[in-house]
file upload12.tsv (TSV, C-alpha atoms)
chain	number	residue	atom	x	y	z
G	1	MET	CA	-108.22	45.69	-31.36
G	2	TRP	CA	-109.79	48.13	-28.90
G	3	ASN	CA	-112.05	45.42	-27.41
G	4	TRP	CA	-109.25	43.45	-25.76
G	5	PRO	CA	-109.98	44.47	-22.12
G	6	ARG	CA	-113.69	43.74	-22.52
G	7	LEU	CA	-112.93	40.27	-23.85
G	8	VAL	CA	-111.09	39.52	-20.62
G	9	LYS	CA	-114.30	39.96	-18.65
G	10	ASP	CA	-116.31	37.95	-21.14
G	11	SER	CA	-113.88	35.03	-21.20
G	12	VAL	CA	-113.15	34.42	-17.51
G	13	SER	CA	-115.36	33.20	-14.73
G	14	GLU	CA	-113.04	33.79	-11.79
G	15	LYS	CA	-112.14	37.30	-10.73
G	16	THR	CA	-108.58	36.31	-9.81
G	17	ILE	CA	-107.81	35.19	-13.34
G	18	GLY	CA	-109.40	38.35	-14.70
G	19	LEU	CA	-107.26	40.50	-12.41
G	20	MET	CA	-104.13	38.69	-13.55
G	21	ARG	CA	-104.96	39.34	-17.18
G	22	MET	CA	-105.74	42.98	-16.51
G	23	GLN	CA	-102.37	43.27	-14.79
G	24	PHE	CA	-100.78	41.79	-17.90
G	25	TRP	CA	-102.36	44.49	-20.05
G	26	ARG	CA	-101.46	47.23	-17.60
G	27	LYS	CA	-97.80	46.20	-17.73
G	28	ALA	CA	-98.05	45.70	-21.50
G	29	VAL	CA	-99.18	49.31	-21.97
G	30	GLU	CA	-96.37	50.54	-19.71
G	31	ASP	CA	-93.86	48.55	-21.77
G	32	ILE	CA	-95.40	49.76	-25.04
G	33	TYR	CA	-94.77	53.36	-24.04
G	34	CYS	CA	-91.17	52.38	-23.19
G	35	ASP	CA	-90.83	51.01	-26.73
G	36	ASN	CA	-90.55	47.48	-25.37
G	37	PRO	CA	-93.84	45.73	-26.24
G	38	PRO	CA	-94.37	42.12	-25.16
G	39	HIS	CA	-94.19	39.50	-27.91
G	40	GLN	CA	-97.93	39.19	-28.20
G	41	PRO	CA	-99.77	39.94	-31.50
G	42	VAL	CA	-102.32	42.43	-30.12
G	43	ALA	CA	-99.71	44.20	-28.00
G	44	ILE	CA	-97.40	44.57	-30.99
G	45	GLU	CA	-100.18	46.05	-33.13
G	46	LEU	CA	-101.10	48.41	-30.30
G	47	TRP	CA	-97.46	49.48	-30.04
G	48	LYS	CA	-97.44	50.25	-33.78
G	49	ALA	CA	-100.62	52.33	-33.40
G	50	VAL	CA	-99.17	54.24	-30.43
G	51	ARG	CA	-96.00	55.06	-32.40
G	52	ARG	CA	-97.86	55.96	-35.58
G	53	HIS	CA	-100.54	58.16	-34.02
G	54	ASN	CA	-98.96	59.27	-30.73
G	55	LEU	CA	-101.91	57.88	-28.77
G	56	THR	CA	-102.50	59.17	-25.25
G	57	LYS	CA	-101.55	56.62	-22.62
G	58	ARG	CA	-104.17	57.94	-20.18
G	59	TRP	CA	-107.10	56.74	-22.31
G	60	LEU	CA	-105.71	53.21	-22.53
G	61	MET	CA	-105.14	53.07	-18.78
G	62	LYS	CA	-108.64	54.36	-18.07
G	63	ILE	CA	-110.11	51.51	-20.10
G	64	ILE	CA	-108.06	48.90	-18.22
G	65	ASP	CA	-108.74	50.41	-14.79
G	66	GLU	CA	-112.49	50.64	-15.39
G	67	ARG	CA	-112.75	47.12	-16.80
G	68	GLU	CA	-110.86	45.82	-13.78
G	69	LYS	CA	-113.27	47.52	-11.37
G	70	ASN	CA	-116.15	46.02	-13.34
G	71	LEU	CA	-114.94	42.45	-12.86
G	72	ASP	CA	-117.03	42.30	-9.69
G	73	ASP	CA	-120.18	41.82	-11.83
G	74	LYS	CA	-122.30	44.06	-9.60
G	75	ALA	CA	-125.33	46.08	-10.63
G	76	TYR	CA	-124.72	49.79	-11.11
G	77	ARG	CA	-125.84	51.68	-8.03
G	78	ASN	CA	-127.21	54.56	-10.11
G	79	ILE	CA	-127.33	55.90	-13.64
G	80	GLN	CA	-124.32	58.14	-12.92
G	81	GLU	CA	-122.21	55.08	-12.13
G	82	LEU	CA	-123.20	53.53	-15.46
G	83	GLU	CA	-122.36	56.79	-17.24
G	84	ASN	CA	-118.97	56.95	-15.52
G	85	TYR	CA	-118.21	53.42	-16.65
G	86	ALA	CA	-119.25	54.30	-20.20
G	87	GLU	CA	-117.17	57.51	-20.15
G	88	ASN	CA	-114.04	55.67	-19.03
G	89	THR	CA	-114.43	52.86	-21.55
G	90	GLN	CA	-116.54	53.75	-24.60
G	91	SER	CA	-115.72	57.46	-24.62
G	92	SER	CA	-112.02	56.71	-24.09
G	93	LEU	CA	-112.14	54.52	-27.19
G	94	LEU	CA	-113.62	57.42	-29.13
G	95	TYR	CA	-110.93	59.82	-27.88
G	96	LEU	CA	-108.33	57.36	-29.16
G	97	THR	CA	-110.17	57.07	-32.48
G	98	LEU	CA	-110.15	60.86	-32.83
G	99	GLU	CA	-106.40	60.85	-32.22
G	100	ILE	CA	-105.97	58.25	-34.96
G	101	LEU	CA	-107.92	60.55	-37.28
G	102	GLY	CA	-105.59	63.40	-36.31
G	103	ILE	CA	-108.32	65.46	-34.66
G	104	LYS	CA	-107.78	67.67	-31.64
G	105	ASP	CA	-110.96	69.61	-31.10
G	106	LEU	CA	-112.92	70.47	-27.97
G	107	HIS	CA	-116.32	70.12	-29.66
G	108	ALA	CA	-115.38	66.71	-31.05
G	109	ASP	CA	-114.30	65.64	-27.57
G	110	HIS	CA	-117.62	66.78	-26.09
G	111	ALA	CA	-119.53	64.86	-28.76
G	112	ALA	CA	-117.37	61.78	-28.13
G	113	SER	CA	-118.10	61.96	-24.40
G	114	HIS	CA	-121.87	61.95	-24.92
G	115	ILE	CA	-121.79	59.31	-27.67
G	116	GLY	CA	-119.69	57.04	-25.48
G	117	LYS	CA	-122.16	57.40	-22.63
G	118	ALA	CA	-125.06	56.63	-24.97
G	119	GLN	CA	-123.16	53.59	-26.23
G	120	GLY	CA	-122.56	52.32	-22.71
G	121	ILE	CA	-126.21	52.73	-21.71
G	122	VAL	CA	-127.51	51.03	-24.87
G	123	THR	CA	-125.02	48.19	-24.44
G	124	CYS	CA	-126.30	47.67	-20.89
G	125	LEU	CA	-129.89	47.55	-22.17
G	126	ARG	CA	-129.14	45.23	-25.09
G	127	ALA	CA	-127.31	42.79	-22.82
G	128	THR	CA	-130.10	42.59	-20.23
G	129	PRO	CA	-131.80	39.45	-21.67
G	130	TYR	CA	-128.43	37.71	-22.01
G	131	HIS	CA	-127.35	38.57	-18.48
G	132	GLY	CA	-130.78	37.61	-17.15
G	133	GLY	CA	-130.21	34.13	-18.53
G	134	ARG	CA	-127.08	33.98	-16.36
G	135	ARG	CA	-129.04	35.15	-13.29
G	136	LYS	CA	-127.44	38.60	-13.37
G	137	VAL	CA	-128.93	42.10	-13.62
G	138	PHE	CA	-126.76	45.20	-14.10
G	139	LEU	CA	-129.40	47.89	-14.62
G	140	PRO	CA	-129.03	50.95	-12.31
G	141	MET	CA	-130.53	50.16	-8.92
G	142	ASP	CA	-131.72	53.71	-8.24
G	143	ILE	CA	-134.07	53.66	-11.25
G	144	CYS	CA	-135.31	50.17	-10.40
G	145	MET	CA	-136.06	51.26	-6.83
G	146	LEU	CA	-137.80	54.40	-8.07
G	147	HIS	CA	-140.35	52.21	-9.90
G	148	GLY	CA	-140.52	49.49	-7.26
G	149	VAL	CA	-138.85	46.91	-9.49
G	150	SER	CA	-136.58	44.14	-8.18
G	151	GLN	CA	-133.87	42.18	-9.94
G	152	GLU	CA	-136.16	39.16	-9.75
G	153	ASP	CA	-138.65	40.98	-12.01
G	154	PHE	CA	-136.03	40.99	-14.77
G	155	LEU	CA	-134.91	37.44	-14.08
G	156	ARG	CA	-138.53	36.33	-14.51
G	157	ARG	CA	-138.87	38.50	-17.65
G	158	ASN	CA	-141.72	40.41	-16.09
G	159	GLN	CA	-143.39	42.74	-18.63
G	160	ASP	CA	-145.44	44.87	-16.23
G	161	LYS	CA	-145.65	48.62	-16.77
G	162	ASN	CA	-143.29	49.45	-13.91
G	163	VAL	CA	-140.61	47.24	-15.48
G	164	ARG	CA	-141.07	48.98	-18.82
G	165	ASP	CA	-140.91	52.33	-17.02
G	166	VAL	CA	-137.43	51.42	-15.79
G	167	ILE	CA	-136.33	50.68	-19.35
G	168	TYR	CA	-137.98	53.90	-20.58
G	169	ASP	CA	-136.02	56.01	-18.08
G	170	ILE	CA	-132.71	54.37	-18.96
G	171	ALA	CA	-133.31	54.52	-22.72
G	172	SER	CA	-134.35	58.17	-22.40
G	173	GLN	CA	-130.99	58.96	-20.83
G	174	ALA	CA	-129.20	57.38	-23.79
G	175	HIS	CA	-131.40	59.41	-26.15
G	176	LEU	CA	-130.51	62.62	-24.30
G	177	HIS	CA	-126.80	61.91	-24.71
G	178	LEU	CA	-127.30	61.39	-28.45
G	179	GLU	CA	-129.16	64.69	-28.68
G	180	HIS	CA	-126.40	66.49	-26.77
G	181	ALA	CA	-123.75	64.98	-29.06
G	182	ARG	CA	-125.65	66.11	-32.15
G	183	SER	CA	-126.06	69.62	-30.77
G	184	PHE	CA	-122.32	70.06	-31.51
G	185	HIS	CA	-122.82	68.92	-35.10
G	186	LYS	CA	-122.03	72.26	-36.76
G	187	SER	CA	-118.94	72.80	-34.63
G	188	VAL	CA	-117.38	69.34	-34.95
G	189	PRO	CA	-114.81	68.94	-37.78
G	190	VAL	CA	-116.21	66.85	-40.63
G	191	LYS	CA	-113.11	64.62	-40.39
G	192	ALA	CA	-114.40	63.41	-37.01
G	193	PHE	CA	-117.73	62.09	-38.31
G	194	PRO	CA	-116.46	58.57	-39.22
G	195	ALA	CA	-115.64	58.06	-35.54
G	196	PHE	CA	-119.22	58.84	-34.60
G	197	LEU	CA	-121.17	56.71	-37.08
G	198	GLN	CA	-122.10	54.29	-34.29
G	199	THR	CA	-124.87	56.78	-33.50
G	200	VAL	CA	-126.78	55.18	-36.40
G	201	SER	CA	-126.97	51.78	-34.68
G	202	LEU	CA	-127.66	53.40	-31.30
G	203	GLU	CA	-130.60	55.36	-32.67
G	204	ASP	CA	-131.84	52.26	-34.50
G	205	TYR	CA	-132.00	50.30	-31.23
G	206	LEU	CA	-133.65	53.14	-29.32
G	207	LYS	CA	-136.33	53.45	-32.00
G	208	LYS	CA	-136.95	49.70	-31.98
G	209	ILE	CA	-137.34	49.57	-28.21
G	210	GLN	CA	-139.75	52.50	-28.36
G	211	ARG	CA	-141.87	50.66	-30.95
G	212	VAL	CA	-142.28	47.67	-28.61
G	213	ASP	CA	-143.26	49.95	-25.71
G	214	PHE	CA	-139.93	49.40	-23.91
G	215	ASP	CA	-140.36	45.64	-23.54
G	216	ILE	CA	-136.67	44.77	-23.15
G	217	PHE	CA	-137.38	41.09	-23.84
G	218	HIS	CA	-139.30	41.54	-27.09
G	219	PRO	CA	-137.95	39.13	-29.76
G	220	SER	CA	-137.72	41.90	-32.38
G	221	LEU	CA	-134.90	43.54	-30.39
G	222	GLN	CA	-132.70	40.51	-31.07
G	223	GLN	CA	-133.23	40.70	-34.84
G	224	LYS	CA	-130.68	42.38	-37.07
G	225	ASN	CA	-131.68	45.40	-39.11
G	226	THR	CA	-130.71	44.43	-42.66
G	227	LEU	CA	-131.01	48.09	-43.72
G	228	LEU	CA	-128.47	49.28	-41.15
G	229	PRO	CA	-125.51	49.23	-43.61
G	230	LEU	CA	-127.54	51.41	-45.97
G	231	SER	CA	-128.33	53.84	-43.13
G	232	LEU	CA	-124.64	54.00	-42.27
G	233	TYR	CA	-123.77	54.74	-45.89
G	234	ILE	CA	-126.40	57.48	-46.14
G	235	GLN	CA	-125.24	59.18	-42.93
G	236	SER	CA	-121.64	58.96	-44.10
G	237	TRP	CA	-122.57	60.45	-47.48
G	238	ARG	CA	-124.58	63.24	-45.81
G	239	LYS	CA	-121.63	63.97	-43.48
G	240	ARG	CA	-123.78	63.56	-40.40
G	241	TYR	CA	-123.68	61.49	-37.26

call {"tool": "encode", "arguments": {"input": "upload12.tsv", "output": "structure tokens"}}
result
Amino acid sequence: MWNWPRLVKDSVSEKTIGLMRMQFWRKAVEDIYCDNPPHQPVAIELWKAVRRHNLTKRWLMKIIDEREKNLDDKAYRNIQELENYAENTQSSLLYLTLEILGIKDLHADHAASHIGKAQGIVTCLRATPYHGGRRKVFLPMDICMLHGVSQEDFLRRNQDKNVRDVIYDIASQAHLHLEHARSFHKSVPVKAFPAFLQTVSLEDYLKKIQRVDFDIFHPSLQQKNTLLPLSLYIQSWRKRY
């Protein structure tokens, strides 16, 4: 359910249509909090969740606002801009998930913030080959410029060291956010851990990209890890994230 604003961007090619749909969801959320949800299946389920768990309206609006700004399909100017996007979308989803779990805890919120940023960065990396096929590159421009790499290098699937250095820097930032999130491990309520299990798949991807020397186009990065469900179960059993 939480992916509805993202699907708008993925399913429209014209910004005007995307803006209209975002406006629909903005009004839908306003109506939901007035106990008057539109007769639309997802909106009705969202209304039920809001009533049942007293979800904070601000997080839902942040997701919509940020997705709307992102309809321009422009590269991130710097890593901070990518992190801000991830904070307002992925982290907001985690804040809502914590509310569903009935958790109000500062340490859990801090962990959610860093995990959301790591998720956003990894998502940007994972999608690079796909976007390249559509003649688009969204990787932070400041890091590309630092290593003398152009968007054309990614469109041509260049595997030179400076291209891999760009990926290394971006992946390292995601790794740092994971480490920060885990530094709160002993202070975060155990009840919050199910919300954070996505760290298993994030770490799996970061390890795989390290093994291929940060070649973002390596075929192995597109292969599923059949042991991932087992890793998720083990982390859940160990009460870790």

call {"tool": "residues_around", "arguments": {"input": "upload12.tsv", "residues": "range 107-117 of chain G", "least_positions_apart": "4", "cutoff": "6 Å", "atoms": "all atoms listed in the file", "output": "list in words"}}
result
Glu83, Ala86, Glu87, Gln90, Ser91, Leu94, His177, Leu178, Ala181 and Val188 of chain G

call {"tool": "closest_residue", "arguments": {"input": "upload12.tsv", "among": "G:Pro129, G:Glu203, G:Lys186, G:Met20", "to": "Leu71 in chain G", "atoms": "all atoms listed in the file"}}
result
G:Met20

call {"tool": "residues_around", "arguments": {"input": "upload12.tsv", "residues": "Glu152 in chain G", "least_positions_apart": "6", "cutoff": "9 Å", "atoms": "only C-alpha atoms", "output": "PyMOL selection string"}}
result
chain G and resi 135+137+158

call {"tool": "closest_residue", "arguments": {"input": "upload12.tsv", "among": "G:Ser183, G:Val122, G:Asp142, G:Trp237", "to": "Asp204 in chain G", "atoms": "only C-alpha atoms"}}
result
G:Val122

call {"tool": "closest_residue", "arguments": {"input": "upload12.tsv", "among": "G:Phe196, G:His147, G:Gln40, G:Gln23", "to": "Tyr95 in chain G", "atoms": "only C-alpha atoms"}}
result
G:Phe196

call {"tool": "closest_residue", "arguments": {"input": "upload12.tsv", "among": "G:Ile216, G:Leu206, G:Ala127, G:Ala195", "to": "Arg157 in chain G", "atoms": "all atoms listed in the file"}}
result
G:Ile216

call {"tool": "residues_around", "arguments": {"input": "upload12.tsv", "residues": "range 44-57 of chain G", "least_positions_apart": "3", "cutoff": "9 Å", "atoms": "all atoms listed in the file", "output": "list in words"}}
result
Met1, Trp2, Val29, Glu30, Ile32, Tyr33, Asp35, Asn36, Pro37, Pro38, His39, Gln40, Pro41, Leu60, Met61, Lys62, Tyr95, Leu96, Glu99, Ile100, Leu101 and Gly102 of chain G

call {"tool": "atom_distance", "arguments": {"input": "upload12.tsv", "atom1": "CA of Thr226 in chain G", "atom2": "CA of Asp165 in chain G"}}
result
28.7 Å

call {"tool": "residues_around", "arguments": {"input": "upload12.tsv", "residues": "Leu232 in chain G", "least_positions_apart": "2", "cutoff": "10 Å", "atoms": "only C-alpha atoms", "output": "ChimeraX atom specification"}}
result
/G:194,197-201,227-230,234-238,240-241

call {"tool": "write_last_selection", "arguments": {"input": "upload12.tsv", "atoms": "C-alpha atoms", "output": "compact mmCIF listing (two decimals), in the coordinates of the input"}}
result
# COMPACT_ATOMS: atom_id res chain seq x y z
CA PRO G 194 -116.46 58.57 -39.22
CA LEU G 197 -121.17 56.71 -37.08
CA GLN G 198 -122.10 54.29 -34.29
CA THR G 199 -124.87 56.78 -33.50
CA VAL G 200 -126.78 55.18 -36.40
CA SER G 201 -126.97 51.78 -34.68
CA LEU G 227 -131.01 48.09 -43.72
CA LEU G 228 -128.47 49.28 -41.15
CA PRO G 229 -125.51 49.23 -43.61
CA LEU G 230 -127.54 51.41 -45.97
CA ILE G 234 -126.40 57.48 -46.14
CA GLN G 235 -125.24 59.18 -42.93
CA SER G 236 -121.64 58.96 -44.10
CA TRP G 237 -122.57 60.45 -47.48
CA ARG G 238 -124.58 63.24 -45.81
CA ARG G 240 -123.78 63.56 -40.40
CA TYR G 241 -123.68 61.49 -37.26

call {"tool": "closest_residue", "arguments": {"input": "upload12.tsv", "among": "G:Phe184, G:Trp25, G:Phe214, G:Tyr233", "to": "Asp169 in chain G", "atoms": "only C-alpha atoms"}}
result
G:Phe214

call {"tool": "atom_distance", "arguments": {"input": "upload12.tsv", "atom1": "CA of Lys74 in chain G", "atom2": "CA of Met141 in chain G"}}
result
10.3 Å

call {"tool": "atom_distance", "arguments": {"input": "upload12.tsv", "atom1": "CA of Lys104 in chain G", "atom2": "CA of Ala192 in chain G"}}
result
9.5 Å

call {"tool": "closest_residue", "arguments": {"input": "upload12.tsv", "among": "G:Ile103, G:Leu125, G:Met22, G:Cys34", "to": "Val190 in chain G", "atoms": "all atoms listed in the file"}}
result
G:Ile103

call {"tool": "residues_near_point", "arguments": {"input": "upload12.tsv", "point": "(-132.7, 49.2, -33.4)", "cutoff": "10 Å", "atoms": "only C-alpha atoms", "output": "PyMOL selection string"}}
result
chain G and resi 126+200-211+220-225+228
